[in-house]
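S.K.: Handing you a structure now.
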Amino acid sequence: MEQNYDFRQRMCEVHRPAIFCEEAYHTYDGLRLDDSFSVLISPSAGEVARIAAEDFCDYLFVSHGLKISVTSAHTGGRCIRFLNSEHEKRLAPSGKEERAYRINVTEQGVDICANSEKGIFAATVYLEELMSEAGCPALPYGDIDRRPLFSPRMVHSGYEIDVFPDEYLNRIAHDGYDTLLVFVKGVNLSTRGECDFNDICRRAARYGLDVYAYSYIVSEKNPLDEGAEEYYSNTYGALFRSCPGFRGVVFVGESCEFPSRDPRVMPWLSRYNRNSDGTLRSNLPSSAGFPASDYPDWLNFVKRIIRKESPDADIIFWTYNWGYRSAEERIPLIENLPLDVSLQATFEMFETLKTPENVHEFIADYSLSIPGPGVYFRSEAEAAAKRGLRLYTMSNTAGRTWDLGIVPYIPAPGVWCERYDALIDCHERYGLSGLMECHHYGAYHSFISELTKEMGWAPRRDPSEHLAAIGAREFGKENVAKALEAWKYASEGIRHCMPTGEDQYGPLRVGPAYPFFTKTIWRMPSLPTAHFGGGICVTSYGVYPQWPKLKVFENYRNVLYEIEEFTKMRDCYDKAAALFKEIAESLSNRRRTEAGRQAALLYLMARTAETTVNVKRFTMLREMIMELAGEQPRVLIDSDEWLSEALKLYGVDELTPSLMYSLCETIADEECDNALRTIPAVEYDSALGYEPSMEYMCDREHLLWKIERTKDALSELAEVFSRLNG
């Protein structure tokens with residue numbers, strides 16, 4: 001059993017100990033390294049190359065028990081040489097990218113030639129991967145010439161918001177990411193409080209990592225306002241003056257909205273004027289959620305101030321917040337953006353899923369339910385390509401989306417590979433060159449991050465072959481077929497996830513810790529220091545007074561379809577979890593533990609789908625009881641056709657008030673049992689139930705809290721029912 005946060009120790013373990021297989025070593029047909037080798041680097045090598053050499057030697061010792069040293073003086077023995085493509089043109093990689101490299105393996109040793117020391121680091125990591133798969137310190141003879149398809153590859157911290165220990169930085173570099181994202185509210189001020197940005201930049205640079213600021217800086221002036229120059233010089237100008245290590249900045253509507261003068265946008269002060277129910281008094285959108293026509297002017301203005309301090313800063317403008325707007329509203333903005341900035345568009349969002357049952361489901365937020373790209377992304381990508389704008393996308397390819405908010409990654413390799421194929425197609429079609437691979441849920445090492453890393457290089461390995469090799473490495477050759485079968489179920493399962501707003505911000509966000517409610521709306525308990533905490537989970541399921549547009553039962557056909565789909569999702573993940581439980585029982589030591597973690601992860605995903613089904617079933621019955629009791633109707637479900645379908649759903653001939661209440665009791669009991677059954681899984685792996693911006697939302701304490709709140713909700717419903725029977 002793990003304690004909360006124990007998973008962070010695993011996040012910082014870069015080299016797995018004692019994986020050496022003597023039989024594999026003696027039968028390997030290629031170059032076999034031994035203690036006579038050394039790593040040869042130039043006396044003038046920089047810090048990144050020196051750390052790459054030391055890291056490679058550490059890998060050989062920790063994983064294979066092999067002791068070799070780093071030297072700058074060649075003594076005549078066999079070695080691994082670090083070379084610069086400018087000086088060794090005959091060995092230079094064919095790619096011109098900064099991280100491109102070429103590896104030549106002969107009986108005399110290994111030559112690594114790269115365009116930069118960042119490429120040297122990437123090459124040594126690739127050698128580690130080849131040796132880990134082989135189970136011994138050996139390499140195939142021949143020439144390896146590789147180049148990255150995407151850069152930057154940006155990630156937030158999955159360790160803790162804006163916290164990057166050195167070991168975790170090394171883990172990030174080993175997973176192929178090249179850029180960190182840090183939330184910035186001001187000079188040395190992040191969302192978690194004071195933060196030494198220069199320290200993060202210095203330490204990240206040692207591992208070949210750049211750092212970008214993700215802006216949360218308030219923009220209270222239009223460029224045409226008096227004092228705008230001084231204002232922005234004291235915000236963005238001060239940031240880049242005080243932290244010259246920042247290599248770029250990300251702007252997104254919800255974080256960089258400003259007093260736009262576009263008449264289609266509400267006046268700035270109207271943002272603070274609300275009606276008694278919380279809605280805005282203005283019926284116009286704010287600049288946070290609308291492609292205001294003067295965004296290009298604002299961006300040009302701020303860009304000039306930033307580049308006065310940092311001439312090469314990458315200025316990223318992300319259109320996430322208005323993807324639901326028509327192309328006629330969005331594209332003119334792109335047509336007027338300055339050409340020396342980067343446009344970022346989210347890959348799969350804002351799609352409407354049309355099902356065989358003629359039910360339309362809207363993808364509310366980041367999702368893997370479809371691989372992408374969506375219509376919104378394609379329209380923006382086409383406009384960017386026509387203008388020659390540098391194009392990035394939010395791809396979530398670190399392995400996590402908002403489909404399930406309390407799992408460290410979604411083990412659906414089939415769908416992730418489809419997404420990466422689509423990304424590569426857009427790379428070739430539109431010049432897509434950079435990826436944001438996660439948001440504040442951060443990067444977590446997994447077999448998914450290994451797959452997507454490999455797919456982001458050319459030439460790339462066949463993903464199916466790579467997945468089978470990972471399965472053999474992790475669980476033994478005898479269990480590969482069973483692991484692949486489980487991952488196939490897992491890939492099918494996510495396709496049945498319905499990423500609606502009420503579910504992504506409800507039961508899918510916190511899993512089986514999500515409470516039932518009748519009248520009292522419970523707020524998810526969270527740490528006061530959490531970035532968002534329970535504030536990004538809406539517990540008033542089916543009612544949503546905070547968000548009037550999200551009425552879950554306005555179309556009962558959708559609800560019935562969703563119940564059917566989430567039931568299929570649950571069954572897929574239960575099957576996958578059972579297979580990994582069988583694998584774990586056949587193994588021992590580390591492999592048994594790893595298979596157990598896979599089983600626990602998949603089991604939590606199944607329990608989350610079950611919670612989502614139970615919440616929908618309970619909510620429908622609860623609202624019918626309340627309406628019959630004369631309570632104010634909150635959910636639109638009053639139709640004869642709906643009642644007919646409800647009878648089929650609950651397997652009864654009629655729905656009397658007594659039967660409806662009895663069914664509510666049964667569903668609540670089943671859900672409390674579902675929560676109890678989840679506890680062993682989240683205690684087995686402390687990475688489950690955690691998300692950096694919320695902190696823990698589905699650990700033992702939250703699951704027990706949910707059970708008590710669900711009992712309270714049933715008690716409140718009993719009071720309503722008693723008045724009904726009056």
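Ordered as shown in the structure tokens, chains take letters A, B, and onward, while each chain numbers its residues from 1 and ligands are numbered from 1 in the order shown.
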Running DSSP on the backbone, which parts of range 383-578 of chain A land in alpha helix (DSSP H), as an MDAnalysis selection string?

M.R.: chainID A and resid 383:387 413:430 447:455 463:475 480:495 501:504 507:510 556:578

S.K.: Taking 4 positions as the minimum chain separation for residues in the same chain, which residues sit within 7 Å of range 372-381 of chain A when counting only C-alpha atoms? Answer as JSON, numbers by chain.

M.R.: {"A": [323, 331, 345, 346, 347, 348, 349, 350, 351, 385, 419, 422, 430]}

S.K.: Let's see if you can do this: from backbone DSSP, list all strand (DSSP E or B) residues in range 353-597 of chain A, as a ChimeraX atom specification.

M.R.: /A:353-354,360-362,390-394,432-436,443,457-458

S.K.: Write the residues of the preceding selection, restricted to all heavy atoms, as a compact mmCIF listing (two decimals), in the first residue's frame.

M.R.:
# COMPACT_ATOMS: atom_id res chain seq x y z
N LEU A 353 -20.16 14.74 -32.10
CA LEU A 353 -20.18 13.33 -32.47
C LEU A 353 -21.58 12.92 -32.88
O LEU A 353 -22.54 13.09 -32.12
CB LEU A 353 -19.73 12.47 -31.28
CG LEU A 353 -18.34 12.77 -30.71
CD1 LEU A 353 -18.06 11.85 -29.53
CD2 LEU A 353 -17.27 12.58 -31.77
N LYS A 354 -21.72 12.41 -34.09
CA LYS A 354 -23.01 11.93 -34.57
C LYS A 354 -23.00 10.41 -34.48
O LYS A 354 -22.18 9.75 -35.10
CB LYS A 354 -23.24 12.39 -36.01
CG LYS A 354 -23.33 13.91 -36.15
CD LYS A 354 -23.56 14.33 -37.59
CE LYS A 354 -23.63 15.84 -37.72
NZ LYS A 354 -23.82 16.28 -39.11
N HIS A 360 -26.52 13.51 -31.05
CA HIS A 360 -25.37 14.39 -31.25
C HIS A 360 -24.74 14.71 -29.90
O HIS A 360 -25.42 15.19 -28.99
CB HIS A 360 -25.79 15.68 -31.95
CG HIS A 360 -26.25 15.46 -33.35
ND1 HIS A 360 -26.57 16.49 -34.21
CD2 HIS A 360 -26.45 14.32 -34.07
CE1 HIS A 360 -26.94 15.99 -35.38
NE2 HIS A 360 -26.89 14.68 -35.31
N GLU A 361 -23.44 14.44 -29.77
CA GLU A 361 -22.71 14.71 -28.53
C GLU A 361 -21.59 15.69 -28.83
O GLU A 361 -20.83 15.52 -29.78
CB GLU A 361 -22.13 13.42 -27.95
CG GLU A 361 -23.18 12.40 -27.51
CD GLU A 361 -23.78 12.74 -26.16
OE1 GLU A 361 -23.40 13.78 -25.58
OE2 GLU A 361 -24.62 11.96 -25.67
N PHE A 362 -21.46 16.71 -27.99
CA PHE A 362 -20.46 17.76 -28.19
C PHE A 362 -19.24 17.49 -27.33
O PHE A 362 -19.36 17.23 -26.13
CB PHE A 362 -21.07 19.11 -27.83
CG PHE A 362 -20.16 20.29 -28.11
CD1 PHE A 362 -19.87 20.67 -29.41
CD2 PHE A 362 -19.60 21.01 -27.07
CE1 PHE A 362 -19.04 21.75 -29.66
CE2 PHE A 362 -18.78 22.10 -27.31
CZ PHE A 362 -18.50 22.47 -28.62
N ARG A 390 3.79 29.95 -38.32
CA ARG A 390 4.26 28.77 -37.60
C ARG A 390 3.08 28.20 -36.84
O ARG A 390 2.36 28.93 -36.13
CB ARG A 390 5.39 29.18 -36.66
CG ARG A 390 6.16 28.03 -36.07
CD ARG A 390 7.50 28.47 -35.48
NE ARG A 390 7.34 29.63 -34.59
CZ ARG A 390 7.95 30.78 -34.76
NH1 ARG A 390 8.76 30.98 -35.79
NH2 ARG A 390 7.77 31.78 -33.90
N LEU A 391 2.86 26.88 -36.93
CA LEU A 391 1.65 26.26 -36.39
C LEU A 391 1.99 25.22 -35.33
O LEU A 391 2.81 24.33 -35.55
CB LEU A 391 0.86 25.57 -37.52
CG LEU A 391 -0.41 24.82 -37.13
CD1 LEU A 391 -1.47 25.78 -36.57
CD2 LEU A 391 -0.97 24.04 -38.32
N TYR A 392 1.35 25.37 -34.16
CA TYR A 392 1.45 24.41 -33.08
C TYR A 392 0.04 23.88 -32.77
O TYR A 392 -0.96 24.43 -33.22
CB TYR A 392 2.00 25.05 -31.80
CG TYR A 392 3.38 25.67 -31.89
CD1 TYR A 392 3.80 26.58 -30.91
CD2 TYR A 392 4.28 25.37 -32.92
CE1 TYR A 392 5.06 27.16 -30.94
CE2 TYR A 392 5.53 25.94 -32.97
CZ TYR A 392 5.92 26.85 -31.98
OH TYR A 392 7.16 27.43 -32.03
N THR A 393 -0.01 22.82 -31.95
CA THR A 393 -1.31 22.33 -31.50
C THR A 393 -1.22 21.81 -30.08
O THR A 393 -0.15 21.38 -29.62
CB THR A 393 -1.86 21.21 -32.41
OG1 THR A 393 -3.21 20.93 -32.05
CG2 THR A 393 -1.05 19.92 -32.28
N MET A 394 -2.34 21.87 -29.37
CA MET A 394 -2.48 21.21 -28.09
C MET A 394 -2.92 19.79 -28.38
O MET A 394 -4.03 19.54 -28.86
CB MET A 394 -3.52 21.94 -27.24
CG MET A 394 -3.98 21.18 -26.00
SD MET A 394 -2.64 20.60 -24.96
CE MET A 394 -3.43 20.54 -23.36
N LEU A 432 2.56 21.71 -39.43
CA LEU A 432 2.48 21.63 -37.97
C LEU A 432 3.85 21.27 -37.41
O LEU A 432 4.44 20.25 -37.78
CB LEU A 432 1.45 20.56 -37.57
CG LEU A 432 1.30 20.28 -36.07
CD1 LEU A 432 0.78 21.51 -35.34
CD2 LEU A 432 0.40 19.07 -35.85
N SER A 433 4.36 22.09 -36.50
CA SER A 433 5.74 21.89 -36.06
C SER A 433 5.94 21.79 -34.56
O SER A 433 6.97 21.30 -34.10
CB SER A 433 6.63 23.03 -36.59
OG SER A 433 6.19 24.28 -36.09
N GLY A 434 4.97 22.26 -33.75
CA GLY A 434 5.14 22.24 -32.30
C GLY A 434 3.94 21.66 -31.60
O GLY A 434 2.81 21.72 -32.09
N LEU A 435 4.19 21.07 -30.42
CA LEU A 435 3.13 20.41 -29.66
C LEU A 435 3.12 20.89 -28.22
O LEU A 435 4.17 20.99 -27.58
CB LEU A 435 3.33 18.89 -29.64
CG LEU A 435 3.47 18.16 -30.98
CD1 LEU A 435 3.73 16.68 -30.73
CD2 LEU A 435 2.24 18.36 -31.85
N MET A 436 1.93 21.20 -27.71
CA MET A 436 1.72 21.28 -26.27
C MET A 436 1.14 19.93 -25.89
O MET A 436 0.05 19.58 -26.33
CB MET A 436 0.77 22.41 -25.90
CG MET A 436 0.54 22.54 -24.40
SD MET A 436 -0.66 23.83 -23.95
CE MET A 436 0.36 25.28 -24.20
N ALA A 443 3.13 16.02 -17.16
CA ALA A 443 3.70 14.85 -17.84
C ALA A 443 4.04 13.77 -16.83
O ALA A 443 4.70 14.03 -15.82
CB ALA A 443 4.95 15.26 -18.61
N TRP A 457 9.66 10.94 -34.10
CA TRP A 457 10.97 10.99 -34.76
C TRP A 457 10.90 10.30 -36.11
O TRP A 457 10.07 9.43 -36.34
CB TRP A 457 12.03 10.29 -33.89
CG TRP A 457 12.45 11.10 -32.71
CD1 TRP A 457 11.75 11.30 -31.55
CD2 TRP A 457 13.66 11.85 -32.58
NE1 TRP A 457 12.46 12.10 -30.71
CE2 TRP A 457 13.63 12.46 -31.30
CE3 TRP A 457 14.77 12.06 -33.40
CZ2 TRP A 457 14.66 13.28 -30.83
CZ3 TRP A 457 15.80 12.86 -32.93
CH2 TRP A 457 15.74 13.47 -31.67
N ALA A 458 11.78 10.72 -37.01
CA ALA A 458 11.88 10.08 -38.32
C ALA A 458 13.32 9.58 -38.51
O ALA A 458 14.26 10.31 -38.21
CB ALA A 458 11.52 11.07 -39.42

S.K.: Just checking: using only C-alpha atoms, which residue out of A:Gly506, A:Pro657, A:Pro137, A:Gly186 ends up closest to Lys616 in chain A?

M.R.: A:Gly506

S.K.: Counting only C-alpha atoms, what is within 10 Å of Ala364 in chain A, bar same-chain residues fewer than 4 positions away, as an mmCIF file with C-alpha atoms, in the first residue's frame?

M.R.:
data_model
loop_
_atom_site.group_PDB
_atom_site.id
_atom_site.type_symbol
_atom_site.label_atom_id
_atom_site.label_comp_id
_atom_site.auth_asym_id
_atom_site.auth_seq_id
_atom_site.Cartn_x
_atom_site.Cartn_y
_atom_site.Cartn_z
ATOM 1 C CA TYR A 324 -16.845 26.860 -30.910
ATOM 2 C CA MET A 349 -12.066 19.843 -29.493
ATOM 3 C CA PHE A 350 -15.369 21.429 -30.521
ATOM 4 C CA GLU A 351 -16.477 18.401 -32.514
ATOM 5 C CA THR A 352 -20.038 17.119 -32.535
ATOM 6 C CA TRP A 402 -9.987 15.542 -19.313
ATOM 7 C CA ASP A 403 -11.801 12.302 -20.197
ATOM 8 C CA MET A 498 -18.908 10.609 -23.973
ATOM 9 C CA PRO A 499 -16.934 13.816 -23.231
ATOM 10 C CA THR A 500 -19.860 16.110 -22.440
ATOM 11 C CA GLY A 501 -19.392 19.164 -20.229
ATOM 12 C CA GLU A 502 -21.547 17.812 -17.406
ATOM 13 C CA ASP A 503 -19.529 14.587 -17.290
ATOM 14 C CA GLN A 504 -16.032 15.976 -17.878
ATOM 15 C CA TYR A 505 -16.611 18.558 -15.142
#
